[in-house]
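Below is run_11.txt, which holds compact mmCIF, C-alpha atoms.
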# COMPACT_ATOMS: atom_id res chain seq x y z
CA MET A 98 36.88 27.85 -28.90
CA ASN A 99 37.60 24.86 -31.14
CA HIS A 100 35.53 21.73 -31.57
CA GLN A 101 37.97 19.55 -29.59
CA SER A 102 37.74 21.78 -26.52
CA ILE A 103 33.92 21.74 -26.64
CA SER A 104 33.88 17.94 -26.94
CA GLN A 105 36.25 17.61 -23.97
CA LYS A 106 34.07 19.84 -21.77
CA ARG A 107 31.00 17.89 -22.83
CA ARG A 108 32.68 14.61 -21.88
CA ILE A 109 33.64 16.04 -18.49
CA LYS A 110 30.04 17.20 -17.83
CA ASN A 111 28.66 13.84 -18.91
CA GLY A 112 31.17 12.08 -16.68
CA ILE A 113 30.10 14.24 -13.72
CA ARG A 114 26.42 13.51 -14.41
CA TRP A 115 27.00 9.77 -14.66
CA GLY A 116 29.15 9.88 -11.53
CA CYS A 117 26.39 11.65 -9.58
CA MET A 118 23.80 9.12 -10.76
CA TYR A 119 26.00 6.14 -9.84
CA LEU A 120 26.71 7.76 -6.46
CA SER A 121 22.98 8.27 -5.80
CA VAL A 122 22.18 4.67 -6.73
CA GLY A 123 25.05 3.38 -4.60
CA LEU A 124 24.03 5.43 -1.55
CA THR A 125 20.41 4.32 -1.90
CA CYS A 126 21.40 0.65 -2.13
CA CYS A 127 23.76 1.01 0.83
CA VAL A 128 21.07 2.57 3.00
CA LEU A 129 18.59 -0.15 2.01
CA VAL A 130 21.07 -2.97 2.65
CA PHE A 131 22.07 -1.42 5.99
CA ILE A 132 18.46 -1.10 7.20
CA ILE A 133 17.48 -4.61 6.14
CA GLY A 134 20.70 -6.12 7.48
CA TYR A 135 20.42 -4.31 10.81
CA VAL A 136 16.78 -5.33 11.28
CA LEU A 137 17.54 -8.94 10.38
CA SER A 138 20.57 -9.13 12.65
CA ARG A 139 18.61 -7.77 15.61
CA GLY A 140 15.33 -9.55 14.94
CA MET A 141 16.18 -13.02 13.64
CA PRO A 142 17.39 -14.40 17.01
CA GLY A 143 13.97 -13.62 18.49
CA LEU A 144 11.98 -15.55 15.88
CA THR A 145 11.11 -18.78 17.62
CA LEU A 146 8.23 -21.19 17.11
CA ASN A 147 6.76 -20.25 20.48
CA PHE A 148 7.01 -16.55 19.61
CA LEU A 149 5.16 -17.03 16.31
CA SER A 150 2.52 -19.55 17.36
CA THR A 151 1.25 -18.36 20.76
CA LYS A 152 -0.54 -15.38 22.21
CA PRO A 153 0.95 -13.19 24.96
CA SER A 154 0.33 -14.16 28.55
CA TYR A 155 1.18 -11.55 31.14
CA LEU A 156 0.76 -14.02 34.02
CA SER A 157 3.44 -16.40 32.71
CA GLY A 158 5.52 -13.72 31.01
CA ASN A 159 5.15 -15.38 27.60
CA ILE A 160 5.38 -13.08 24.56
CA GLY A 161 3.63 -14.36 21.47
CA ILE A 162 2.47 -12.48 18.42
CA LEU A 163 0.13 -14.92 16.67
CA PRO A 164 -2.92 -12.68 17.35
CA ASP A 165 -1.05 -9.67 15.93
CA ILE A 166 -0.14 -11.58 12.75
CA LEU A 167 -3.74 -12.70 12.25
CA ASN A 168 -5.07 -9.19 12.95
CA THR A 169 -2.70 -7.80 10.33
CA VAL A 170 -3.87 -10.37 7.76
CA TYR A 171 -7.53 -9.68 8.63
CA LEU A 172 -6.99 -5.95 8.26
CA LEU A 173 -5.14 -6.29 4.95
CA VAL A 174 -7.69 -8.65 3.41
CA THR A 175 -10.69 -6.59 4.55
CA ALA A 176 -9.20 -3.30 3.38
CA ILE A 177 -8.18 -4.64 -0.05
CA ILE A 178 -11.58 -6.31 -0.61
CA ILE A 179 -13.33 -2.99 0.01
CA LEU A 180 -10.68 -0.72 -1.51
CA LEU A 181 -10.12 -2.42 -4.87
CA PRO A 182 -13.71 -2.25 -6.24
CA LEU A 183 -14.18 1.31 -4.95
CA GLY A 184 -10.91 2.69 -6.30
CA VAL A 185 -11.00 0.92 -9.67
CA GLY A 186 -14.71 1.62 -10.14
CA ALA A 187 -14.27 5.32 -9.36
CA ALA A 188 -11.33 5.60 -11.78
CA ILE A 189 -13.27 3.84 -14.56
CA TYR A 190 -16.27 6.10 -14.06
CA LEU A 191 -14.21 9.29 -14.07
CA ASN A 192 -12.23 8.28 -17.16
CA GLU A 193 -14.83 6.42 -19.23
CA TYR A 194 -18.31 7.57 -18.19
CA ALA A 195 -18.17 11.05 -16.61
CA LYS A 196 -19.17 13.74 -19.10
CA SER A 197 -18.50 16.84 -17.00
CA LYS A 198 -14.81 17.78 -17.09
CA ARG A 199 -15.39 20.19 -14.22
CA PHE A 200 -16.73 17.36 -12.04
CA VAL A 201 -13.73 15.18 -12.90
CA LYS A 202 -11.36 18.05 -12.06
CA ILE A 203 -13.03 18.59 -8.69
CA ILE A 204 -12.74 14.89 -7.83
CA ASP A 205 -9.07 14.86 -8.90
CA GLN A 206 -8.30 17.86 -6.71
CA ALA A 207 -10.14 16.32 -3.77
CA SER A 208 -8.19 13.09 -4.30
CA GLU A 209 -4.89 14.95 -4.34
CA THR A 210 -5.86 16.75 -1.14
CA LEU A 211 -6.79 13.47 0.57
CA SER A 212 -3.45 11.92 -0.35
CA GLY A 213 -1.59 14.69 1.46
CA ILE A 214 -3.44 14.53 4.78
CA PRO A 215 -1.38 13.06 7.68
CA SER A 216 -2.46 9.60 8.78
CA ILE A 217 -3.02 10.70 12.38
CA ILE A 218 -5.87 12.93 11.15
CA TYR A 219 -7.40 9.97 9.34
CA GLY A 220 -7.24 8.07 12.61
CA LEU A 221 -8.99 10.84 14.51
CA VAL A 222 -11.75 11.19 11.90
CA GLY A 223 -12.08 7.41 11.65
CA MET A 224 -12.51 7.15 15.42
CA LEU A 225 -15.22 9.84 15.45
CA PHE A 226 -17.09 8.59 12.36
CA PHE A 227 -16.65 4.82 12.12
CA CYS A 228 -16.18 3.96 15.80
CA GLN A 229 -18.62 6.41 17.40
CA PHE A 230 -21.08 7.72 14.79
CA LEU A 231 -21.59 4.38 12.97
CA GLY A 232 -21.27 2.41 16.20
CA LEU A 233 -18.54 0.02 15.00
CA THR A 234 -16.58 0.65 18.22
CA THR A 235 -12.82 0.11 18.24
CA SER A 236 -12.36 -2.79 15.84
CA ILE A 237 -10.39 -4.17 12.91
CA LEU A 238 -13.30 -3.26 10.61
CA ALA A 239 -13.20 0.38 11.70
CA GLY A 240 -9.44 0.43 11.12
CA ALA A 241 -9.86 -1.19 7.68
CA LEU A 242 -12.49 1.36 6.63
CA THR A 243 -10.22 4.18 7.77
CA LEU A 244 -7.35 2.77 5.70
CA VAL A 245 -9.70 2.40 2.72
CA VAL A 246 -10.38 6.13 2.78
CA MET A 247 -6.67 6.80 3.23
CA ASN A 248 -5.57 4.66 0.29
CA LEU A 249 -8.44 5.39 -2.08
CA PRO A 250 -6.54 8.23 -3.84
CA THR A 251 -3.60 5.90 -4.57
CA ILE A 252 -5.75 3.25 -6.27
CA MET A 253 -7.69 5.89 -8.19
CA LYS A 254 -4.60 7.68 -9.43
CA THR A 255 -2.67 4.60 -10.60
CA THR A 256 -5.75 3.10 -12.25
CA LYS A 257 -6.69 6.33 -13.99
CA GLU A 258 -3.17 6.81 -15.35
CA SER A 259 -3.29 3.27 -16.72
CA LEU A 260 -6.70 3.90 -18.31
CA ILE A 261 -5.39 7.03 -20.01
CA SER A 262 -2.44 5.07 -21.42
CA VAL A 263 -4.72 2.60 -23.25
CA PRO A 264 -4.59 3.48 -27.00
CA LYS A 265 -7.73 5.18 -28.30
CA GLY A 266 -7.63 2.97 -31.39
CA LEU A 267 -8.64 -0.05 -29.26
CA ARG A 268 -11.71 1.76 -27.97
CA GLU A 269 -12.69 3.09 -31.38
CA GLY A 270 -12.25 -0.31 -33.03
CA ALA A 271 -14.44 -2.00 -30.44
CA TYR A 272 -17.13 0.69 -30.68
CA GLY A 273 -16.96 0.40 -34.47
CA LEU A 274 -17.77 -3.30 -34.18
CA GLY A 275 -20.87 -2.43 -32.17
CA ALA A 276 -19.65 -3.35 -28.69
CA ALA A 277 -21.36 -1.69 -25.73
CA ARG A 278 -19.35 0.58 -23.48
CA TRP A 279 -19.30 -1.78 -20.50
CA ARG A 280 -18.20 -4.67 -22.72
CA VAL A 281 -15.35 -2.52 -24.06
CA VAL A 282 -14.33 -1.60 -20.52
CA ARG A 283 -14.55 -5.18 -19.25
CA THR A 284 -12.89 -7.03 -22.14
CA ILE A 285 -10.41 -4.51 -23.55
CA ILE A 286 -9.63 -1.59 -21.25
CA ILE A 287 -9.33 -3.34 -17.87
CA PRO A 288 -7.01 -6.12 -19.13
CA GLN A 289 -4.80 -3.48 -20.77
CA CYS A 290 -4.41 -1.48 -17.55
CA MET A 291 -4.05 -4.44 -15.16
CA ASP A 292 -0.41 -3.48 -14.45
CA GLY A 293 -1.52 -0.12 -13.05
CA ILE A 294 -4.23 -1.70 -10.92
CA ILE A 295 -1.78 -4.20 -9.45
CA THR A 296 0.76 -1.42 -8.84
CA GLY A 297 -1.86 0.52 -6.90
CA CYS A 298 -2.67 -2.60 -4.87
CA ILE A 299 1.00 -3.09 -4.01
CA LEU A 300 1.40 0.52 -2.90
CA SER A 301 -1.80 0.37 -0.86
CA ALA A 302 -0.90 -2.99 0.71
CA GLY A 303 2.50 -1.62 1.70
CA ARG A 304 0.93 1.40 3.33
CA ILE A 305 -1.64 -0.77 5.10
CA LEU A 306 1.07 -3.08 6.47
CA GLY A 307 3.14 -0.15 7.69
CA GLU A 308 0.37 2.01 9.14
CA SER A 309 0.13 2.50 12.88
CA ALA A 310 -0.98 6.06 13.69
CA ALA A 311 -4.50 5.69 12.26
CA LEU A 312 -4.92 2.25 13.80
CA LEU A 313 -4.07 3.45 17.29
CA PHE A 314 -7.38 5.35 17.26
CA THR A 315 -9.54 2.86 15.38
CA ALA A 316 -8.32 -0.75 15.72
CA GLY A 317 -7.14 -0.82 19.32
CA PHE A 318 -4.45 -2.70 21.26
CA ALA A 319 -6.03 -6.07 22.11
CA HIS A 320 -4.01 -9.27 21.61
CA SER A 321 -7.03 -11.58 21.49
CA LEU A 322 -6.95 -14.68 19.28
CA ASN A 323 -10.11 -14.73 17.12
CA GLY A 324 -11.39 -16.16 13.86
CA PHE A 325 -11.87 -13.92 10.83
CA PHE A 326 -15.45 -12.76 11.37
CA ASP A 327 -15.05 -12.41 15.13
CA GLY A 328 -11.68 -10.75 14.62
CA ILE A 329 -12.79 -7.97 12.28
CA SER A 330 -15.60 -6.99 14.65
CA SER A 331 -13.30 -6.94 17.69
CA SER A 332 -10.49 -4.75 18.87
CA GLY A 333 -7.08 -6.00 17.79
CA ALA A 334 -3.47 -4.87 17.58
CA THR A 335 -1.73 -5.26 14.23
CA LEU A 336 1.99 -5.93 13.94
CA THR A 337 2.86 -2.24 13.60
CA VAL A 338 0.78 -1.31 16.64
CA ALA A 339 2.32 -4.20 18.60
CA LEU A 340 5.79 -3.03 17.53
CA TYR A 341 4.98 0.45 18.86
CA VAL A 342 3.65 -0.91 22.16
CA TYR A 343 6.59 -3.25 22.79
CA ALA A 344 9.22 -0.65 21.81
CA LYS A 345 7.72 2.53 23.25
CA GLU A 346 5.59 1.40 26.17
CA GLN A 347 7.42 -1.72 27.41
CA GLY A 348 10.98 -1.22 26.16
CA GLU A 349 11.13 -4.69 24.59
CA PHE A 350 13.33 -3.72 21.64
CA GLU A 351 14.32 -7.27 20.75
CA VAL A 352 10.64 -8.16 20.38
CA ALA A 353 10.11 -5.02 18.32
CA PHE A 354 12.93 -5.97 15.92
CA ALA A 355 11.53 -9.51 15.62
CA ILE A 356 8.17 -8.00 14.63
CA ALA A 357 9.97 -5.78 12.13
CA VAL A 358 11.44 -8.89 10.48
CA ILE A 359 7.96 -10.37 10.13
CA LEU A 360 6.73 -7.13 8.54
CA LEU A 361 9.59 -7.30 6.03
CA ILE A 362 8.65 -10.89 5.19
CA LEU A 363 4.97 -9.98 4.77
CA ALA A 364 5.87 -7.08 2.48
CA MET A 365 8.00 -9.43 0.38
CA ILE A 366 5.17 -11.98 0.19
CA VAL A 367 2.72 -9.29 -0.95
CA ASN A 368 5.11 -8.14 -3.68
CA LEU A 369 5.73 -11.71 -4.86
CA CYS A 370 2.00 -12.43 -5.02
CA ALA A 371 1.39 -9.23 -6.98
CA TRP A 372 4.23 -10.11 -9.35
CA ALA A 373 2.74 -13.58 -9.91
CA VAL A 374 -0.72 -12.14 -10.60
CA LYS A 375 0.73 -9.59 -13.01
CA LYS A 376 2.62 -12.34 -14.85
CA LEU A 377 -0.53 -14.45 -15.05
CA PHE A 378 -2.55 -11.61 -16.59
CA ARG A 379 0.22 -10.88 -19.08
CA LYS A 380 0.14 -14.49 -20.25
CA LYS A 381 -3.63 -14.35 -20.69
Could you spell out this file's structure in structure tokens?
Amino acid sequence: MNHQSISQKRRIKNGIRWGCMYLSVGLTCCVLVFIIGYVLSRGMPGLTLNFLSTKPSYLSGNIGILPDILNTVYLLVTAIIILLPLGVGAAIYLNEYAKSKRFVKIIDQASETLSGIPSIIYGLVGMLFFCQFLGLTTSILAGALTLVVMNLPTIMKTTKESLISVPKGLREGAYGLGAARWRVVRTIIIPQCMDGIITGCILSAGRILGESAALLFTAGFAHSLNGFFDGISSSGATLTVALYVYAKEQGEFEVAFAIAVILLILAMIVNLCAWAVKKLFRKK
């Protein structure tokens, strides 16, 4: 077989590979555009000022989702405030302070196991532990704590991978200058791995916004309009739970699609905020 024939076969194989990759990208983009376009086309007509700024009233037949929007924000803020220090702190300890490799391996395996458990099981355990054993009852706080446990492996994994990627020369140079370990972690390592921490926050925020199964057991279905501190201690339906109730229980599919549009907007806002924070840290 001559060199020209081999080169021709190689070009054909490369062309097939590139064609498959372009086809995969095209199909993925088409599916994404179709889903977003379909949700927007069905949900945008239902987005009115009254729909967004009032609470539901079954006596007058009014459907409003302001309590559900606030409950979602309360849940997201509470979960991130608790989740971020726990996940980042655990990753820093395992990567920078823990001396036993066996202990680190056990924690990593436990984290991988937790990340594969279905969310409905988290909801059941959260109901038994947070709602009943700790006496938090069905509340936004119980739902947030359940989602913290659910998303803890994600934050830990992304942060730890970022910590590992920090060059050893930076650590050794700082230790050579006499810096203490915590100072090295605070001033050198954490700023270097901020991208990974923000990525973990984005993934966790997306999962929190889209979670419903665990919240059905822990957060409840109430559409009450409360302030932040009263809201997190009370039962409340998030947007995903409200979407489930309106679509499955009441058959209000137009309302469900309108809620889906709001969830898309919230996800976009979270991503834009994370992008802005990442850009700010890169400038610093």
Using all atoms listed in the file, determine which residues lie at most 12 Å from Leu249 of chain A, disregarding the query and same-chain residues fewer than 5 positions distant; provide the list as a PyMOL selection string.
chain A and resi 176-177+179-188+204-205+207-212+241-244+254-256+297-298+300-302+304-305
Proximity to Lys265 of chain A - best of A:Asn248, A:Thr151, A:Gln289, A:Gln206, only C-alpha atoms
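Closest to Lys265 of chain A, using only C-alpha atoms: A:Gln289.
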Which residue out of A:Ala271, A:Leu120, A:Leu149, A:Ile113 has the minimum interatomic distance to Asp165 of chain A when only C-alpha atoms are used?
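Ranking A:Ala271, A:Leu120, A:Leu149, A:Ile113 by distance to Asp165 of chain A, first place goes to A:Leu149.
The closest residue to Ala353 of chain A, picked from A:Asn168, A:Ser138, A:Ser309, A:Thr337 and counting all atoms listed in the file, is A:Thr337.
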Quick one: pull the distance between atom CA of Ile285 of chain A and atom CA of Glu258 of chain A, Å, one decimal.
15.7 Å
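Interatomic distance, atom CA of Ser216 of chain A to atom CA of Val128 of chain A: 25.2 Å.
Distances to Ser150 of chain A were evaluated for A:Gly213, A:Val358, A:Leu322, A:Trp115 using all atoms listed in the file, and the minimum falls at A:Leu322.
The interatomic distance for the pair atom CA of Leu312 of chain A and atom CA of Gly240 of chain A works out to 5.6 Å.
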Ala334 of chain A surroundings by all atoms listed in the file, 8 Å radius, close-in-sequence under 4 positions cut, as a list in words
Pro164, Asp165, Asn168, Thr169, Ala316, Gly317, Phe318, Ala319, His320, Val338 and Ala339 of chain A
May I have the residues within 8 Å of segment 192-202 of chain A as a PDB file with C-alpha atoms, in the coordinates of the input, using only C-alpha atoms and disregarding those fewer than 5 positions away in the same chain?
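What landed in part37.pdb:
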ATOM      1  CA  LYS A 257      -6.690   6.330 -13.990  1.00  0.00           C
ATOM      2  CA  LEU A 260      -6.700   3.900 -18.310  1.00  0.00           C
ATOM      3  CA  ILE A 261      -5.390   7.030 -20.010  1.00  0.00           C
TER       4      ILE A 261
END
Can you pull out the residues contacting Ala364 of chain A? Cut-off 12 Å, using all atoms listed in the file, and skip same-chain residues under 2 positions away; I want them as a list in words.
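Here the qualifying residues turn out to be Thr169, Val170, Leu173, Ile299, Leu300, Ser301, Ala302, Gly303, Arg304, Ile305, Leu306, Gly307, Ala357, Val358, Ile359, Leu360, Leu361, Ile362, Ile366, Val367, Asn368, Leu369, Cys370 and Ala371 of chain A.
The smallest atom-to-atom distance between Arg283 of chain A and any of A:Ile295, A:Ile189, A:Val245, A:Leu238, using all atoms listed in the file, is found for A:Ile189.
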Across A:Leu233, A:Leu129, A:Ile218, A:Ile166, the smallest distance to Phe148 of chain A, with all atoms listed in the file counted, is shown by A:Ile166
Around all the atoms of segment 116-125 of chain A listed in the file, draw an axis-aligned box and extend it by 3 Å on each of the six sides; I want its centre and edge lengths in Å to one decimal, as JSON.
{"center_x": 24.8, "center_y": 7.5, "center_z": -6.5, "size_x": 14.7, "size_y": 14.3, "size_z": 16.0}
